[in-house]
Amino acid sequence: MKERIKLFGIIGLFWLVFFITGRIVFLIFHFNLTAALSAKEILTVLFLGLRMDFAMAGDWLLLTGLLLACSILFDSVKLFYYLHNGFTVVLVLISTLIIVADMELYRHWGFRLNTTPLFYISTEAAGSVSALTYLILFLNFIFLTGGFLWFYFKKISLRFLDLQPVKKTQAIVMLLITASLIIPIRSGFGVAPLNTGMVYFHKTKAFPNHAGINVVWNFFKSVTTKGEGRYPSNFSDSKKSGEYLKQLVSTDKPAPSLLRTEKPNVILIILESFTSKIIEPLGGMKDVTPSINALIHEGILFDHFYASGDRTDKGIISILSGYPAQPRSSIIKYPEKTQSLPYLSKVFSKAGYSTSFMYGGNIGFANMESYFTTAGFDHITDDDAFESNLNNTKWGVQDHYVFERQLLELDTAKTPFFNVMLSLSSHEPFDVPLDPPFMKGNDEVSLFLNACHYTDKSLGDFIAKAKRKPWWDNTLIIITADHGHRLPNAEESNDKERFKIPMLWVGGALTKQDTIIHTLAGQTDIANTLLGQVHKTDSTFIFSKNLLAPDTKSFAVYVFQNGFGYIDNKNETLYDFDLRGYIKEGNQDDLIWGEAYMQALFTDYNNR
């Protein structure tokens with residue numbers, strides 16, 4: 001019996017070392033983020049991470065314990081030797097695949113791997129990873145699988161064959177020992193089971209908290225957790241949250257008209273990943289976006305504007321439905337919910353507008369086809385509408401071709417029209433035809449800046465040609481972004497600078513130029529600000545305020561994977577749902593506004 005207990009412990013140690021090694025590999029892969037930590041912080045990550053490593057090792061060790069108990073009931077252990085070898089190989093391969101995939105995806109998503117990326121994996125993974133990165137990830141996969149499987153078969157596996165027969169009643173002892181794994185699996189004797197918040201310790205940096213998470217545990221937890229489509233009803237006072245939300249978004253005074261006509265054509269251009277960090281008038285880098293920089297003097301710039309979320313699908317819904325992003329999930333995954341959302345396209349259609357959407361990529365990405373179909377656009381153009389030789393990048397058709405197609409379609413569109421265009425060339429892997437390049441080099445930052453410079457040039461060419469069209473004088477163009485970006489800097493995933501984006505109004509229909517509006521706002525506010533100019537604000541866009549009303553509240557809310565940020569003229573607060581508390585806390589009396597906003601969102605989301 002001692003041999004079985006000893007083997008049980010050795011295999012448990014094998015899994016524990018495997019997961020510790022996986023965490024160390026993760027820290028090395030993200031050396032730029034790890035280097036910003038002190039030695040004490042790195043040791044704290046490793047120490048706290050042991051709780052989750054013990055838990056995951058306990059999960060995998062359950063199978064070993066059951067096989068060892070069963071082996072007592074039979075005279076031969078060969079069957080259990082082969083069974084244990086088989087599932088050990090499978091578990092090592094699965095665990096390593098999760099660890100390695102997470103290493104790269106964390107750079108883009110800013111949170112440890114769960115089931116969310118599976119929603120995008122068919123196109124997102126292939127389109128965003130360079131060949132060199134694939135090679136590095138493959139070498140890491142070989143290192144973990146090859147190294148640990150070699151050690152297992154060399155030092156552990158054959159011990160099964162050396163097990164001696166014992167009394168059949170000893171199987172009960174082995175089962176009791178296996179059952180005791182509930183202690184490390186739950187991480188103690190307390191009422192609350194293990195959760196990611198237990199490894200959180202840093203109040204200002206997200207990376208050390210994330211690094212402490214066992215990503216294999218995190219992934220399977222998200223797979224097995226039910227009710228992902230619901231949010232808590234008690235985060236804040238659910239009865240009062242709706243009233244507080246009304247106070248935040250409602251206005252009594254009429255907004256001044258900035259348009260020459262009551263029924264202008266409206267073009268909404270949504271630029272992929274266009275962070276304010278690359279736009280000089282918004283405090284960003286010089287010369288990356290000369291076209292936008294020049295257009296600012298021809299229109300109205302909103303210089304404190306924020307994305308609601310950090311993904312394209314979240315940004316699209318925030319803009320077109322005035323609906324905020326949600327933590328940990330996206331409403332676009334649930335067509336039964338999105339069908340009840342308000343849509344700008346439907347409002348304009350009822351007002352007599354022709355409506356169209358244009359995108360150079362696959363409209364089926366991230367369930368967007370379901371959303372846009374429900375939105376009722378009269379016409380949708382995606383990559384299938386272009387000649388195959390133009391569809392020559394990982395994401396689809398390059399932006400300048402799409403802008404050219406947009407001009408052709410607008411020339412024949414029934415007026416007034418409401419047209420939405422989503423660009424794609426400034427998405428990883430930043431494959432653009434820019435010669436000469438804006439930045440020399442093949443590093444990620446240079447490629448990103450080149451791609452943004454290219455899209456800016458394509459936009460500038462589109463505007464220049466549009467000005468010569470007969471519909472220009474009666475047209476309002478709104479330029480914004482689907483979300484911000486981690487590049488060119490490396491802020492935390494919850495940093496507000498990653499969410500700050502441009503919103504610029506230009507076009508022949510505008511009565512004002514060279515104007516800057518400083519009101520804090522977000523993507524959800526586009527709906528009622530625009531409708532206030534061309535029609536009337538719409539009460540179904542319950543999260544949208546009219547930015548141009550004299551009495552509008554200056555605030556913005558942005559949502560990241562596990563929390564949200566709330567900003568107004570006096571406060572900036574940052575809440576983390578895993579930490580179950582504030583990372584950044586402003587005036588105590590004003591915390592209610594962000595909490596009420598999120599509770600109103602949770603309640604509305606659950607009820608759809």
# chains A, B, ... in the order shown; residues from 1 in each chain; ligands from 1
$ residues_around --residues "Ile296 of chain A" --least-positions-apart "4" --cutoff "7 Å" --atoms "only C-alpha atoms" --output "VMD selection string"
chain A and resid 292 300 to 301 504 514
$ select_by_dssp --residues "segment 306-396 of chain A" --states "strand (DSSP E or B)" --output "compact mmCIF listing (two decimals) with C-alpha atoms, in the first residue's frame"
# COMPACT_ATOMS: atom_id res chain seq x y z
CA TYR A 306 -14.04 56.53 -24.96
CA GLN A 326 -20.39 43.76 -20.82
CA SER A 329 -19.04 38.19 -22.43
CA SER A 354 -31.85 54.00 -47.38
CA THR A 355 -29.42 52.06 -45.17
CA SER A 356 -26.25 50.15 -45.96
CA PHE A 357 -23.27 48.55 -44.22
CA MET A 358 -19.86 47.97 -45.76
CA TYR A 359 -16.97 45.81 -44.54
CA HIS A 379 -27.81 46.47 -48.32
CA ILE A 380 -24.74 44.76 -46.83
CA THR A 381 -21.40 44.58 -48.62
$ closest_residue --among "A:Gly586, A:Gly360, A:Gly309, A:Gly508" --to "Thr524 of chain A" --atoms "only C-alpha atoms"
A:Gly309
$ closest_residue --among "A:Ser308, A:Ser425, A:Thr204, A:Ser257" --to "Met598 of chain A" --atoms "only C-alpha atoms"
A:Ser308
